[in-house]
$ cat entry.pdb   # PDB, C-alpha atoms, pLDDT in the B column
MODEL        1
ATOM      1  CA  MET A   1     -62.573 -16.286 -28.094  1.00 52.00           C
ATOM      2  CA  GLU A   2     -61.313 -12.950 -26.741  1.00 50.00           C
ATOM      3  CA  LYS A   3     -62.615 -13.880 -23.297  1.00 50.00           C
ATOM      4  CA  LYS A   4     -60.631 -17.150 -23.339  1.00 51.00           C
ATOM      5  CA  LYS A   5     -57.464 -15.263 -24.302  1.00 50.00           C
ATOM      6  CA  ARG A   6     -57.974 -12.841 -21.440  1.00 53.00           C
ATOM      7  CA  ASN A   7     -58.483 -15.765 -19.066  1.00 58.00           C
ATOM      8  CA  TRP A   8     -55.240 -17.394 -20.219  1.00 57.00           C
ATOM      9  CA  VAL A   9     -53.372 -14.116 -19.793  1.00 52.00           C
ATOM     10  CA  GLY A  10     -54.761 -13.821 -16.296  1.00 55.00           C
ATOM     11  CA  VAL A  11     -53.692 -17.380 -15.476  1.00 54.00           C
ATOM     12  CA  ILE A  12     -50.149 -16.752 -16.759  1.00 58.00           C
ATOM     13  CA  VAL A  13     -49.849 -13.543 -14.740  1.00 52.00           C
ATOM     14  CA  LEU A  14     -51.150 -15.314 -11.636  1.00 55.00           C
ATOM     15  CA  VAL A  15     -48.680 -18.188 -12.058  1.00 54.00           C
ATOM     16  CA  PHE A  16     -45.852 -15.696 -12.444  1.00 49.00           C
ATOM     17  CA  LEU A  17     -46.855 -13.755  -9.342  1.00 51.00           C
ATOM     18  CA  LEU A  18     -47.406 -16.818  -7.164  1.00 57.00           C
ATOM     19  CA  GLY A  19     -44.662 -19.045  -8.482  1.00 58.00           C
ATOM     20  CA  VAL A  20     -41.938 -17.507 -10.618  1.00 50.00           C
ATOM     21  CA  PHE A  21     -41.681 -14.075  -8.978  1.00 46.00           C
ATOM     22  CA  PRO A  22     -41.059 -15.390  -5.406  1.00 54.00           C
ATOM     23  CA  ILE A  23     -38.352 -17.721  -6.726  1.00 48.00           C
ATOM     24  CA  LEU A  24     -36.621 -14.916  -8.639  1.00 44.00           C
ATOM     25  CA  SER A  25     -36.859 -12.671  -5.582  1.00 49.00           C
ATOM     26  CA  TYR A  26     -35.311 -15.350  -3.392  1.00 40.00           C
ATOM     27  CA  VAL A  27     -32.456 -15.957  -5.839  1.00 41.00           C
ATOM     28  CA  TYR A  28     -31.773 -12.209  -6.102  1.00 40.00           C
ATOM     29  CA  MET A  29     -31.832 -11.680  -2.333  1.00 48.00           C
ATOM     30  CA  LYS A  30     -29.644 -14.718  -1.666  1.00 42.00           C
ATOM     31  CA  ALA A  31     -27.101 -13.568  -4.245  1.00 43.00           C
ATOM     32  CA  GLY A  32     -26.929 -10.164  -2.552  1.00 44.00           C
ATOM     33  CA  PHE A  33     -26.639 -11.750   0.884  1.00 41.00           C
ATOM     34  CA  ASP A  34     -23.849 -14.091  -0.253  1.00 46.00           C
ATOM     35  CA  TYR A  35     -22.025 -11.175  -1.890  1.00 52.00           C
ATOM     36  CA  GLN A  36     -22.138  -9.196   1.353  1.00 59.00           C
ATOM     37  CA  LEU A  37     -20.911 -12.214   3.337  1.00 58.00           C
ATOM     38  CA  ASP A  38     -17.951 -12.559   0.966  1.00 69.00           C
ATOM     39  CA  ALA A  39     -17.163  -8.847   1.348  1.00 64.00           C
ATOM     40  CA  ARG A  40     -17.315  -9.039   5.152  1.00 76.00           C
ATOM     41  CA  ALA A  41     -15.045 -12.085   5.129  1.00 87.00           C
ATOM     42  CA  GLU A  42     -12.317  -9.899   3.600  1.00 88.00           C
ATOM     43  CA  LEU A  43     -12.254  -7.677   6.695  1.00 92.00           C
ATOM     44  CA  LYS A  44      -9.601  -8.842   9.177  1.00 92.00           C
ATOM     45  CA  LYS A  45      -8.126  -7.598  12.432  1.00 93.00           C
ATOM     46  CA  LEU A  46      -4.710  -6.431  11.229  1.00 93.00           C
ATOM     47  CA  GLY A  47      -3.776  -4.190  14.149  1.00 92.00           C
ATOM     48  CA  THR A  48      -4.551  -0.993  16.035  1.00 92.00           C
ATOM     49  CA  VAL A  49      -4.557   2.445  14.434  1.00 90.00           C
ATOM     50  CA  MET A  50      -1.425   4.465  15.096  1.00 87.00           C
ATOM     51  CA  SER A  51      -1.519   7.402  17.497  1.00 87.00           C
ATOM     52  CA  LEU A  52      -2.449  10.560  15.605  1.00 88.00           C
ATOM     53  CA  PRO A  53      -1.552  14.181  16.494  1.00 88.00           C
ATOM     54  CA  ASP A  54      -3.957  16.312  18.511  1.00 87.00           C
ATOM     55  CA  THR A  55      -3.788  19.126  15.963  1.00 89.00           C
ATOM     56  CA  THR A  56      -4.106  19.231  12.190  1.00 91.00           C
ATOM     57  CA  ILE A  57      -1.462  20.571   9.824  1.00 90.00           C
ATOM     58  CA  PHE A  58      -3.398  23.872   9.810  1.00 87.00           C
ATOM     59  CA  GLY A  59      -3.181  24.176  13.607  1.00 87.00           C
ATOM     60  CA  ASP A  60      -6.778  23.178  14.397  1.00 85.00           C
ATOM     61  CA  THR A  61      -7.092  21.355  17.706  1.00 85.00           C
ATOM     62  CA  LEU A  62      -9.157  18.196  17.473  1.00 77.00           C
ATOM     63  CA  VAL A  63     -11.463  18.517  20.427  1.00 58.00           C
ATOM     64  CA  GLY A  64     -14.400  16.159  20.696  1.00 52.00           C
ATOM     65  CA  THR A  65     -13.662  14.296  17.462  1.00 56.00           C
ATOM     66  CA  LYS A  66     -14.791  10.691  17.399  1.00 55.00           C
ATOM     67  CA  MET A  67     -11.681   8.779  16.347  1.00 60.00           C
ATOM     68  CA  GLY A  68     -12.372   5.217  17.395  1.00 62.00           C
ATOM     69  CA  LYS A  69     -16.134   5.814  17.179  1.00 80.00           C
ATOM     70  CA  GLN A  70     -16.182   6.353  13.431  1.00 91.00           C
ATOM     71  CA  ILE A  71     -15.023   4.300  10.472  1.00 94.00           C
ATOM     72  CA  SER A  72     -11.727   5.834   9.388  1.00 95.00           C
ATOM     73  CA  LEU A  73      -9.785   5.888   6.138  1.00 96.00           C
ATOM     74  CA  LEU A  74      -6.065   6.457   6.780  1.00 95.00           C
ATOM     75  CA  SER A  75      -3.269   7.189   4.347  1.00 94.00           C
ATOM     76  CA  TYR A  76       0.043   8.889   3.702  1.00 93.00           C
ATOM     77  CA  PHE A  77      -0.813  11.758   1.356  1.00 92.00           C
ATOM     78  CA  ASP A  78       1.705  13.924  -0.491  1.00 92.00           C
ATOM     79  CA  PRO A  79      -0.014  16.575  -2.649  1.00 91.00           C
ATOM     80  CA  THR A  80       3.331  17.591  -4.157  1.00 90.00           C
ATOM     81  CA  ASP A  81       3.689  14.172  -5.806  1.00 87.00           C
ATOM     82  CA  GLN A  82       2.019  14.040  -9.227  1.00 84.00           C
ATOM     83  CA  GLN A  83       1.353  10.314  -8.985  1.00 79.00           C
ATOM     84  CA  THR A  84      -0.467  10.856  -5.714  1.00 82.00           C
ATOM     85  CA  LEU A  85      -2.638  13.620  -7.168  1.00 85.00           C
ATOM     86  CA  ALA A  86      -3.440  11.664 -10.323  1.00 84.00           C
ATOM     87  CA  ILE A  87      -4.686   8.616  -8.426  1.00 88.00           C
ATOM     88  CA  SER A  88      -5.128   9.011  -4.670  1.00 87.00           C
ATOM     89  CA  GLY A  89      -6.067  12.680  -4.902  1.00 88.00           C
ATOM     90  CA  LYS A  90      -8.894  11.905  -7.309  1.00 89.00           C
ATOM     91  CA  TYR A  91     -10.189   8.806  -5.509  1.00 92.00           C
ATOM     92  CA  LEU A  92     -10.045  10.369  -2.040  1.00 91.00           C
ATOM     93  CA  SER A  93     -12.141  13.226  -3.369  1.00 91.00           C
ATOM     94  CA  GLU A  94     -14.667  10.746  -4.802  1.00 93.00           C
ATOM     95  CA  ILE A  95     -14.899   8.884  -1.488  1.00 94.00           C
ATOM     96  CA  HIS A  96     -15.469  12.156   0.337  1.00 93.00           C
ATOM     97  CA  ASN A  97     -18.260  13.068  -2.078  1.00 92.00           C
ATOM     98  CA  GLN A  98     -19.969   9.704  -1.576  1.00 93.00           C
ATOM     99  CA  PHE A  99     -19.890   9.781   2.227  1.00 94.00           C
ATOM    100  CA  ASN A 100     -19.975  13.529   2.794  1.00 92.00           C
ATOM    101  CA  ASP A 101     -23.385  13.524   4.465  1.00 90.00           C
ATOM    102  CA  VAL A 102     -22.787  10.843   7.109  1.00 93.00           C
ATOM    103  CA  ASP A 103     -21.399  11.323  10.619  1.00 91.00           C
ATOM    104  CA  TRP A 104     -19.935   7.819  11.026  1.00 94.00           C
ATOM    105  CA  PHE A 105     -17.072   8.151   8.521  1.00 95.00           C
ATOM    106  CA  ARG A 106     -13.882  10.209   8.547  1.00 94.00           C
ATOM    107  CA  MET A 107     -10.596  10.502   6.645  1.00 94.00           C
ATOM    108  CA  ASP A 108      -7.236  10.846   8.431  1.00 94.00           C
ATOM    109  CA  LEU A 109      -4.411  11.762   6.066  1.00 94.00           C
ATOM    110  CA  LEU A 110      -0.742  12.194   7.017  1.00 94.00           C
ATOM    111  CA  VAL A 111       1.041  14.875   5.020  1.00 93.00           C
ATOM    112  CA  PRO A 112       4.785  15.677   4.740  1.00 92.00           C
ATOM    113  CA  GLN A 113       5.888  18.822   6.585  1.00 85.00           C
ATOM    114  CA  THR A 114       6.877  20.564   3.347  1.00 86.00           C
ATOM    115  CA  ALA A 115       3.526  20.051   1.592  1.00 88.00           C
ATOM    116  CA  LYS A 116       1.270  22.493   3.454  1.00 86.00           C
ATOM    117  CA  SER A 117       0.952  25.058   0.649  1.00 85.00           C
ATOM    118  CA  ALA A 118       0.308  22.373  -1.972  1.00 90.00           C
ATOM    119  CA  LEU A 119      -2.305  20.857   0.326  1.00 90.00           C
ATOM    120  CA  SER A 120      -4.356  24.046   0.393  1.00 87.00           C
ATOM    121  CA  ALA A 121      -4.404  24.094  -3.406  1.00 88.00           C
ATOM    122  CA  TYR A 122      -5.496  20.439  -3.462  1.00 90.00           C
ATOM    123  CA  GLN A 123      -8.334  21.062  -1.020  1.00 88.00           C
ATOM    124  CA  GLU A 124      -9.673  23.889  -3.135  1.00 86.00           C
ATOM    125  CA  GLU A 125      -9.339  22.114  -6.487  1.00 86.00           C
ATOM    126  CA  TYR A 126     -10.846  18.796  -5.339  1.00 86.00           C
ATOM    127  CA  GLU A 127     -13.383  20.338  -2.923  1.00 84.00           C
ATOM    128  CA  VAL A 128     -12.285  18.474   0.198  1.00 87.00           C
ATOM    129  CA  GLU A 129     -12.269  21.422   2.593  1.00 84.00           C
ATOM    130  CA  ASP A 130     -14.254  19.667   5.304  1.00 88.00           C
ATOM    131  CA  ALA A 131     -13.065  20.335   8.841  1.00 84.00           C
ATOM    132  CA  GLU A 132     -15.601  17.885  10.271  1.00 87.00           C
ATOM    133  CA  GLN A 133     -14.715  14.835   8.192  1.00 92.00           C
ATOM    134  CA  VAL A 134     -11.321  15.226   6.473  1.00 93.00           C
ATOM    135  CA  PHE A 135      -8.302  15.687   8.743  1.00 93.00           C
ATOM    136  CA  PHE A 136      -4.764  16.382   7.528  1.00 93.00           C
ATOM    137  CA  TYR A 137      -1.859  15.823   9.928  1.00 94.00           C
ATOM    138  CA  GLN A 138       1.758  16.882   9.604  1.00 93.00           C
ATOM    139  CA  THR A 139       4.277  14.038   9.743  1.00 93.00           C
ATOM    140  CA  ASN A 140       8.046  13.688   9.465  1.00 91.00           C
ATOM    141  CA  GLN A 141       7.796   9.935   8.897  1.00 92.00           C
ATOM    142  CA  SER A 142       8.548   8.457   5.488  1.00 91.00           C
ATOM    143  CA  LEU A 143       6.058   6.832   3.133  1.00 91.00           C
ATOM    144  CA  GLN A 144       7.407   3.379   4.005  1.00 92.00           C
ATOM    145  CA  GLU A 145       7.136   4.046   7.750  1.00 93.00           C
ATOM    146  CA  ILE A 146       3.532   5.202   7.481  1.00 93.00           C
ATOM    147  CA  ASN A 147       2.497   2.308   5.244  1.00 92.00           C
ATOM    148  CA  GLY A 148       4.162  -0.082   7.683  1.00 93.00           C
ATOM    149  CA  SER A 149       2.170   1.452  10.540  1.00 91.00           C
ATOM    150  CA  LEU A 150      -0.989   0.888   8.494  1.00 92.00           C
ATOM    151  CA  TYR A 151      -0.171  -2.826   8.083  1.00 90.00           C
ATOM    152  CA  VAL A 152       0.174  -2.505   4.325  1.00 91.00           C
ATOM    153  CA  ALA A 153       1.878  -5.532   2.750  1.00 89.00           C
ATOM    154  CA  ASP A 154       5.666  -5.257   2.505  1.00 90.00           C
ATOM    155  CA  SER A 155       5.502  -5.407  -1.280  1.00 88.00           C
ATOM    156  CA  LEU A 156       3.360  -2.233  -1.365  1.00 88.00           C
ATOM    157  CA  GLN A 157       5.031  -0.111   1.299  1.00 87.00           C
ATOM    158  CA  ASN A 158       6.823   2.071  -1.220  1.00 88.00           C
ATOM    159  CA  LYS A 159       3.586   2.945  -3.062  1.00 88.00           C
ATOM    160  CA  PHE A 160       1.949   6.348  -2.620  1.00 88.00           C
ATOM    161  CA  ASN A 161      -1.552   5.100  -3.396  1.00 91.00           C
ATOM    162  CA  CYS A 162      -2.169   2.750  -0.462  1.00 94.00           C
ATOM    163  CA  VAL A 163      -4.879   3.445   2.107  1.00 95.00           C
ATOM    164  CA  ALA A 164      -6.070   1.543   5.178  1.00 96.00           C
ATOM    165  CA  LEU A 165      -9.555   1.172   6.616  1.00 96.00           C
ATOM    166  CA  ALA A 166     -10.271   1.073  10.361  1.00 95.00           C
ATOM    167  CA  ASP A 167     -13.496   0.140  12.113  1.00 94.00           C
ATOM    168  CA  THR A 168     -15.226   1.947  14.976  1.00 92.00           C
ATOM    169  CA  THR A 169     -12.952   0.251  17.543  1.00 91.00           C
ATOM    170  CA  GLY A 170      -9.825   1.721  15.931  1.00 91.00           C
ATOM    171  CA  THR A 171      -8.797  -1.627  14.423  1.00 94.00           C
ATOM    172  CA  ILE A 172      -7.393  -1.677  10.894  1.00 95.00           C
ATOM    173  CA  VAL A 173      -9.402  -4.241   8.920  1.00 95.00           C
ATOM    174  CA  ASN A 174      -7.940  -4.012   5.421  1.00 95.00           C
ATOM    175  CA  TYR A 175      -5.720  -2.000   3.085  1.00 95.00           C
ATOM    176  CA  TYR A 176      -6.169  -1.054  -0.569  1.00 95.00           C
ATOM    177  CA  ASP A 177      -4.057   0.009  -3.534  1.00 94.00           C
ATOM    178  CA  LEU A 178      -6.010   2.827  -5.181  1.00 92.00           C
ATOM    179  CA  SER A 179      -4.086   2.391  -8.433  1.00 90.00           C
ATOM    180  CA  ASP A 180      -6.225  -0.753  -8.865  1.00 92.00           C
ATOM    181  CA  GLY A 181      -9.750   0.329  -9.814  1.00 91.00           C
ATOM    182  CA  LYS A 182     -11.262  -2.917  -8.510  1.00 93.00           C
ATOM    183  CA  GLN A 183      -9.734  -2.341  -5.088  1.00 94.00           C
ATOM    184  CA  PHE A 184     -11.181   1.179  -5.030  1.00 94.00           C
ATOM    185  CA  VAL A 185     -14.663  -0.227  -5.714  1.00 93.00           C
ATOM    186  CA  ARG A 186     -14.178  -2.832  -2.979  1.00 94.00           C
ATOM    187  CA  LEU A 187     -13.087  -0.113  -0.555  1.00 95.00           C
ATOM    188  CA  VAL A 188     -16.309   1.800  -1.146  1.00 94.00           C
ATOM    189  CA  GLU A 189     -18.318  -1.401  -0.656  1.00 94.00           C
ATOM    190  CA  HIS A 190     -16.501  -2.174   2.592  1.00 95.00           C
ATOM    191  CA  ILE A 191     -17.149   1.316   3.945  1.00 95.00           C
ATOM    192  CA  ALA A 192     -20.855   0.925   3.144  1.00 93.00           C
ATOM    193  CA  ILE A 193     -21.298  -2.505   4.770  1.00 93.00           C
ATOM    194  CA  MET A 194     -19.365  -1.398   7.868  1.00 92.00           C
ATOM    195  CA  ARG A 195     -21.869   1.334   8.577  1.00 90.00           C
ATOM    196  CA  PRO A 196     -22.652   1.249  12.319  1.00 85.00           C
ATOM    197  CA  LYS A 197     -26.129   0.071  13.191  1.00 76.00           C
ATOM    198  CA  GLU A 198     -28.362   2.804  14.465  1.00 68.00           C
ATOM    199  CA  LYS A 199     -29.517   2.287  18.011  1.00 58.00           C
ATOM    200  CA  ALA A 200     -33.239   1.957  18.373  1.00 50.00           C
ATOM    201  CA  LYS A 201     -34.785   5.039  19.907  1.00 48.00           C
ATOM    202  CA  PRO A 202     -36.511   4.328  23.208  1.00 49.00           C
ATOM    203  CA  GLN A 203     -40.254   4.415  22.885  1.00 50.00           C
ATOM    204  CA  ALA A 204     -42.186   6.803  25.031  1.00 43.00           C
ATOM    205  CA  ILE A 205     -44.346   5.093  27.636  1.00 46.00           C
ATOM    206  CA  PHE A 206     -47.546   6.821  28.583  1.00 41.00           C
ATOM    207  CA  GLN A 207     -49.236   6.045  31.839  1.00 49.00           C
ATOM    208  CA  ARG A 208     -52.747   6.949  32.765  1.00 51.00           C
ATOM    209  CA  GLU A 209     -53.221   9.254  35.631  1.00 53.00           C
ATOM    210  CA  ARG A 210     -54.787   7.529  38.582  1.00 53.00           C
ATOM    211  CA  GLU A 211     -58.439   8.108  38.867  1.00 50.00           C
ATOM    212  CA  LEU A 212     -59.447  10.042  41.953  1.00 46.00           C
TER     213      LEU A 212
ENDMDL
END

$ encode --input "entry.pdb" --output "structure tokens"
Amino acid sequence: MEKKKRNWVGVIVLVFLLGVFPILSYVYMKAGFDYQLDARAELKKLGTVMSLPDTTIFGDTLVGTKMGKQISLLSYFDPTDQQTLAISGKYLSEIHNQFNDVDWFRMDLLVPQTAKSALSAYQEEYEVEDAEQVFFYQTNQSLQEINGSLYVADSLQNKFNCVALADTTGTIVNYYDLSDGKQFVRLVEHIAIMRPKEKAKPQAIFQREREL
């Protein structure tokens, strides 16, 4: 009797492995593939990234940086505004933490001329002192002017919490309102799926020496 039970258990496991498991795997993989297709479909060609200064607000000259070769997050950022710190300041720090170890992503943030001292305090508190990935630029343009340059919708151009995402060609592909948690999650997903494909390393070819 025990032997028959073991045989039935073995048959059920075999049916699951050969029949049910492949179907579940296919459904799971297809759902993930469809989800990624939907996310990619949200990325458009809105326009070209604005011209950015050659030096940061701290006077560092940007020599050899890869703007246009990296995915870039751009935004007007005012660390003296409490609304900005409560929302954008927190989320920008989280994005930096998530993508801190990659070389294909950068953040370009435009800061009012009067906010330099507050910016230093923000960098220290939120741990975004990263001269290789986070760049702060001084600007005398208004919030509305910057958001307009980032192709943010007219209805959102007076909001401090808007950011834009640009691909490796310097084309802005979408914008996000960080005060909406769902849009923040989608931003992170878009950054991840836009990751540049790594070029295959050329394989070494070994040739035999000619026999004498």

$ closest_atom_pairs --input "entry.pdb" --of "segment 100-155 of chain A" --to "segment 40-49 of chain A" --cutoff "10 Å" --atoms "all atoms listed in the file" --output "JSON lines"
{"residue": "A:Ser149", "atom": "CA", "partner": "A:Val49", "partner_atom": "CA", "distance": 7.8}
{"residue": "A:Leu150", "atom": "CA", "partner": "A:Val49", "partner_atom": "CA", "distance": 7.1}
{"residue": "A:Tyr151", "atom": "CA", "partner": "A:Leu46", "partner_atom": "CA", "distance": 6.6}
{"residue": "A:Val152", "atom": "CA", "partner": "A:Leu46", "partner_atom": "CA", "distance": 9.3}

$ write_last_selection --input "entry.pdb" --atoms "C-alpha atoms" --output "mmCIF file, keeping the file's coordinate frame"
data_model
loop_
_atom_site.group_PDB
_atom_site.id
_atom_site.type_symbol
_atom_site.label_atom_id
_atom_site.label_comp_id
_atom_site.auth_asym_id
_atom_site.auth_seq_id
_atom_site.Cartn_x
_atom_site.Cartn_y
_atom_site.Cartn_z
ATOM 1 C CA SER A 149 2.170 1.452 10.540
ATOM 2 C CA LEU A 150 -0.989 0.888 8.494
ATOM 3 C CA TYR A 151 -0.171 -2.826 8.083
ATOM 4 C CA VAL A 152 0.174 -2.505 4.325
#

$ resolve_selection --input "entry.pdb" --expression "the PyMOL selection byres ((chain A and resi 147) around 10)" --output "ChimeraX atom specification"
/A:74-76,141-146,148-154,156-164,175

$ write_last_selection --input "entry.pdb" --atoms "C-alpha atoms" --output "mmCIF file, in the frame of the given file"
data_model
loop_
_atom_site.group_PDB
_atom_site.id
_atom_site.type_symbol
_atom_site.label_atom_id
_atom_site.label_comp_id
_atom_site.auth_asym_id
_atom_site.auth_seq_id
_atom_site.Cartn_x
_atom_site.Cartn_y
_atom_site.Cartn_z
ATOM 1 C CA LEU A 74 -6.065 6.457 6.780
ATOM 2 C CA SER A 75 -3.269 7.189 4.347
ATOM 3 C CA TYR A 76 0.043 8.889 3.702
ATOM 4 C CA GLN A 141 7.796 9.935 8.897
ATOM 5 C CA SER A 142 8.548 8.457 5.488
ATOM 6 C CA LEU A 143 6.058 6.832 3.133
ATOM 7 C CA GLN A 144 7.407 3.379 4.005
ATOM 8 C CA GLU A 145 7.136 4.046 7.750
ATOM 9 C CA ILE A 146 3.532 5.202 7.481
ATOM 10 C CA GLY A 148 4.162 -0.082 7.683
ATOM 11 C CA SER A 149 2.170 1.452 10.540
ATOM 12 C CA LEU A 150 -0.989 0.888 8.494
ATOM 13 C CA TYR A 151 -0.171 -2.826 8.083
ATOM 14 C CA VAL A 152 0.174 -2.505 4.325
ATOM 15 C CA ALA A 153 1.878 -5.532 2.750
ATOM 16 C CA ASP A 154 5.666 -5.257 2.505
ATOM 17 C CA LEU A 156 3.360 -2.233 -1.365
ATOM 18 C CA GLN A 157 5.031 -0.111 1.299
ATOM 19 C CA ASN A 158 6.823 2.071 -1.220
ATOM 20 C CA LYS A 159 3.586 2.945 -3.062
ATOM 21 C CA PHE A 160 1.949 6.348 -2.620
ATOM 22 C CA ASN A 161 -1.552 5.100 -3.396
ATOM 23 C CA CYS A 162 -2.169 2.750 -0.462
ATOM 24 C CA VAL A 163 -4.879 3.445 2.107
ATOM 25 C CA ALA A 164 -6.070 1.543 5.178
ATOM 26 C CA TYR A 175 -5.720 -2.000 3.085
#

$ closest_residue --input "entry.pdb" --among "A:Phe77, A:Phe184, A:Phe58, A:Phe135" --to "Asp108 of chain A" --atoms "only C-alpha atoms"
A:Phe135

$ atom_distance --input "entry.pdb" --atom1 "atom CA of Pro196 of chain A" --atom2 "atom CA of Thr168 of chain A"
7.9 Å

$ residues_around --input "entry.pdb" --residues "Asp60 of chain A" --least-positions-apart "4" --cutoff "10 Å" --atoms "all atoms listed in the file" --output "VMD selection string"
chain A and resid 54 to 56 131 135 to 137

$ write_last_selection --input "entry.pdb" --atoms "C-alpha atoms" --output "PDB file, in the frame of the given file"
ATOM      1  CA  ASP A  54      -3.957  16.312  18.511  1.00 87.00           C
ATOM      2  CA  THR A  55      -3.788  19.126  15.963  1.00 89.00           C
ATOM      3  CA  THR A  56      -4.106  19.231  12.190  1.00 91.00           C
ATOM      4  CA  ALA A 131     -13.065  20.335   8.841  1.00 84.00           C
ATOM      5  CA  PHE A 135      -8.302  15.687   8.743  1.00 93.00           C
ATOM      6  CA  PHE A 136      -4.764  16.382   7.528  1.00 93.00           C
ATOM      7  CA  TYR A 137      -1.859  15.823   9.928  1.00 94.00           C
TER       8      TYR A 137
END

$ closest_residue --input "entry.pdb" --among "A:Val102, A:Leu62, A:Met107, A:Val188" --to "Val134 of chain A" --atoms "only C-alpha atoms"
A:Met107

$ atom_distance --input "entry.pdb" --atom1 "atom CA of Ala115 of chain A" --atom2 "atom CA of Gln83 of chain A"
14.5 Å

$ resolve_selection --input "entry.pdb" --expression "the PyMOL selection byres ((chain A and resi 106) around 12)" --output "PyMOL selection string"
chain A and resi 65-75+92+95-105+107-109+128+130-136+165-168+170+191+195

$ atom_distance --input "entry.pdb" --atom1 "atom CA of Leu85 of chain A" --atom2 "atom CA of Asn174 of chain A"
22.3 Å

$ closest_residue --input "entry.pdb" --among "A:Thr84, A:Glu125, A:Ile57, A:Met50" --to "Ile172 of chain A" --atoms "all atoms listed in the file"
A:Met50

$ resolve_selection --input "entry.pdb" --expression "the PyMOL selection byres ((chain A and resi 122) around 12)" --output "list of chain:residue names"
A:Phe77, A:Asp78, A:Pro79, A:Thr80, A:Asp81, A:Gln82, A:Thr84, A:Leu85, A:Ala86, A:Ser88, A:Gly89, A:Lys90, A:Leu92, A:Ser93, A:Ala115, A:Lys116, A:Ser117, A:Ala118, A:Leu119, A:Ser120, A:Ala121, A:Gln123, A:Glu124, A:Glu125, A:Tyr126, A:Glu127, A:Val128, A:Glu129, A:Phe136

$ residues_around --input "entry.pdb" --residues "Ser179 of chain A" --least-positions-apart "2" --cutoff "7 Å" --atoms "only C-alpha atoms" --output "JSON, numbers by chain"
{"A": [87, 161, 177, 181]}

$ decode --input "entry.pdb" --residues "segment 189-193 of chain A" --atoms "all heavy atoms" --output "JSON list (two decimals), in the first residue's frame"
[["chain", "number", "residue", "atom", "x", "y", "z"],
["A", 189, "GLU", "N", 11.45, 52.31, -12.49],
["A", 189, "GLU", "CA", 11.32, 51.22, -13.46],
["A", 189, "GLU", "C", 11.84, 51.64, -14.83],
["A", 189, "GLU", "O", 12.53, 50.87, -15.51],
["A", 189, "GLU", "CB", 9.85, 50.79, -13.57],
["A", 189, "GLU", "CG", 9.32, 50.12, -12.32],
["A", 189, "GLU", "CD", 7.83, 49.86, -12.37],
["A", 189, "GLU", "OE1", 7.13, 50.44, -13.24],
["A", 189, "GLU", "OE2", 7.33, 49.08, -11.55],
["A", 190, "HIS", "N", 11.53, 52.86, -15.24],
["A", 190, "HIS", "CA", 11.99, 53.35, -16.54],
["A", 190, "HIS", "C", 13.52, 53.45, -16.58],
["A", 190, "HIS", "O", 14.14, 53.11, -17.59],
["A", 190, "HIS", "CB", 11.36, 54.70, -16.85],
["A", 190, "HIS", "CG", 9.95, 54.60, -17.31],
["A", 190, "HIS", "ND1", 9.07, 55.67, -17.25],
["A", 190, "HIS", "CD2", 9.24, 53.58, -17.84],
["A", 190, "HIS", "CE1", 7.89, 55.30, -17.73],
["A", 190, "HIS", "NE2", 7.98, 54.03, -18.08],
["A", 191, "ILE", "N", 14.11, 53.93, -15.51],
["A", 191, "ILE", "CA", 15.57, 54.02, -15.46],
["A", 191, "ILE", "C", 16.17, 52.62, -15.63],
["A", 191, "ILE", "O", 17.13, 52.43, -16.39],
["A", 191, "ILE", "CB", 16.05, 54.64, -14.13],
["A", 191, "ILE", "CG1", 15.60, 56.10, -14.03],
["A", 191, "ILE", "CG2", 17.57, 54.56, -14.02],
["A", 191, "ILE", "CD1", 15.86, 56.74, -12.68],
["A", 192, "ALA", "N", 15.59, 51.64, -14.94],
["A", 192, "ALA", "CA", 16.12, 50.28, -14.99],
["A", 192, "ALA", "C", 16.01, 49.66, -16.39],
["A", 192, "ALA", "O", 16.97, 49.05, -16.88],
["A", 192, "ALA", "CB", 15.40, 49.40, -13.97],
["A", 193, "ILE", "N", 14.86, 49.84, -17.06],
["A", 193, "ILE", "CA", 14.70, 49.20, -18.37],
["A", 193, "ILE", "C", 15.44, 49.95, -19.47],
["A", 193, "ILE", "O", 15.67, 49.40, -20.55],
["A", 193, "ILE", "CB", 13.21, 49.06, -18.76],
["A", 193, "ILE", "CG1", 12.56, 50.44, -18.98],
["A", 193, "ILE", "CG2", 12.44, 48.27, -17.74],
["A", 193, "ILE", "CD1", 11.14, 50.35, -19.51]]
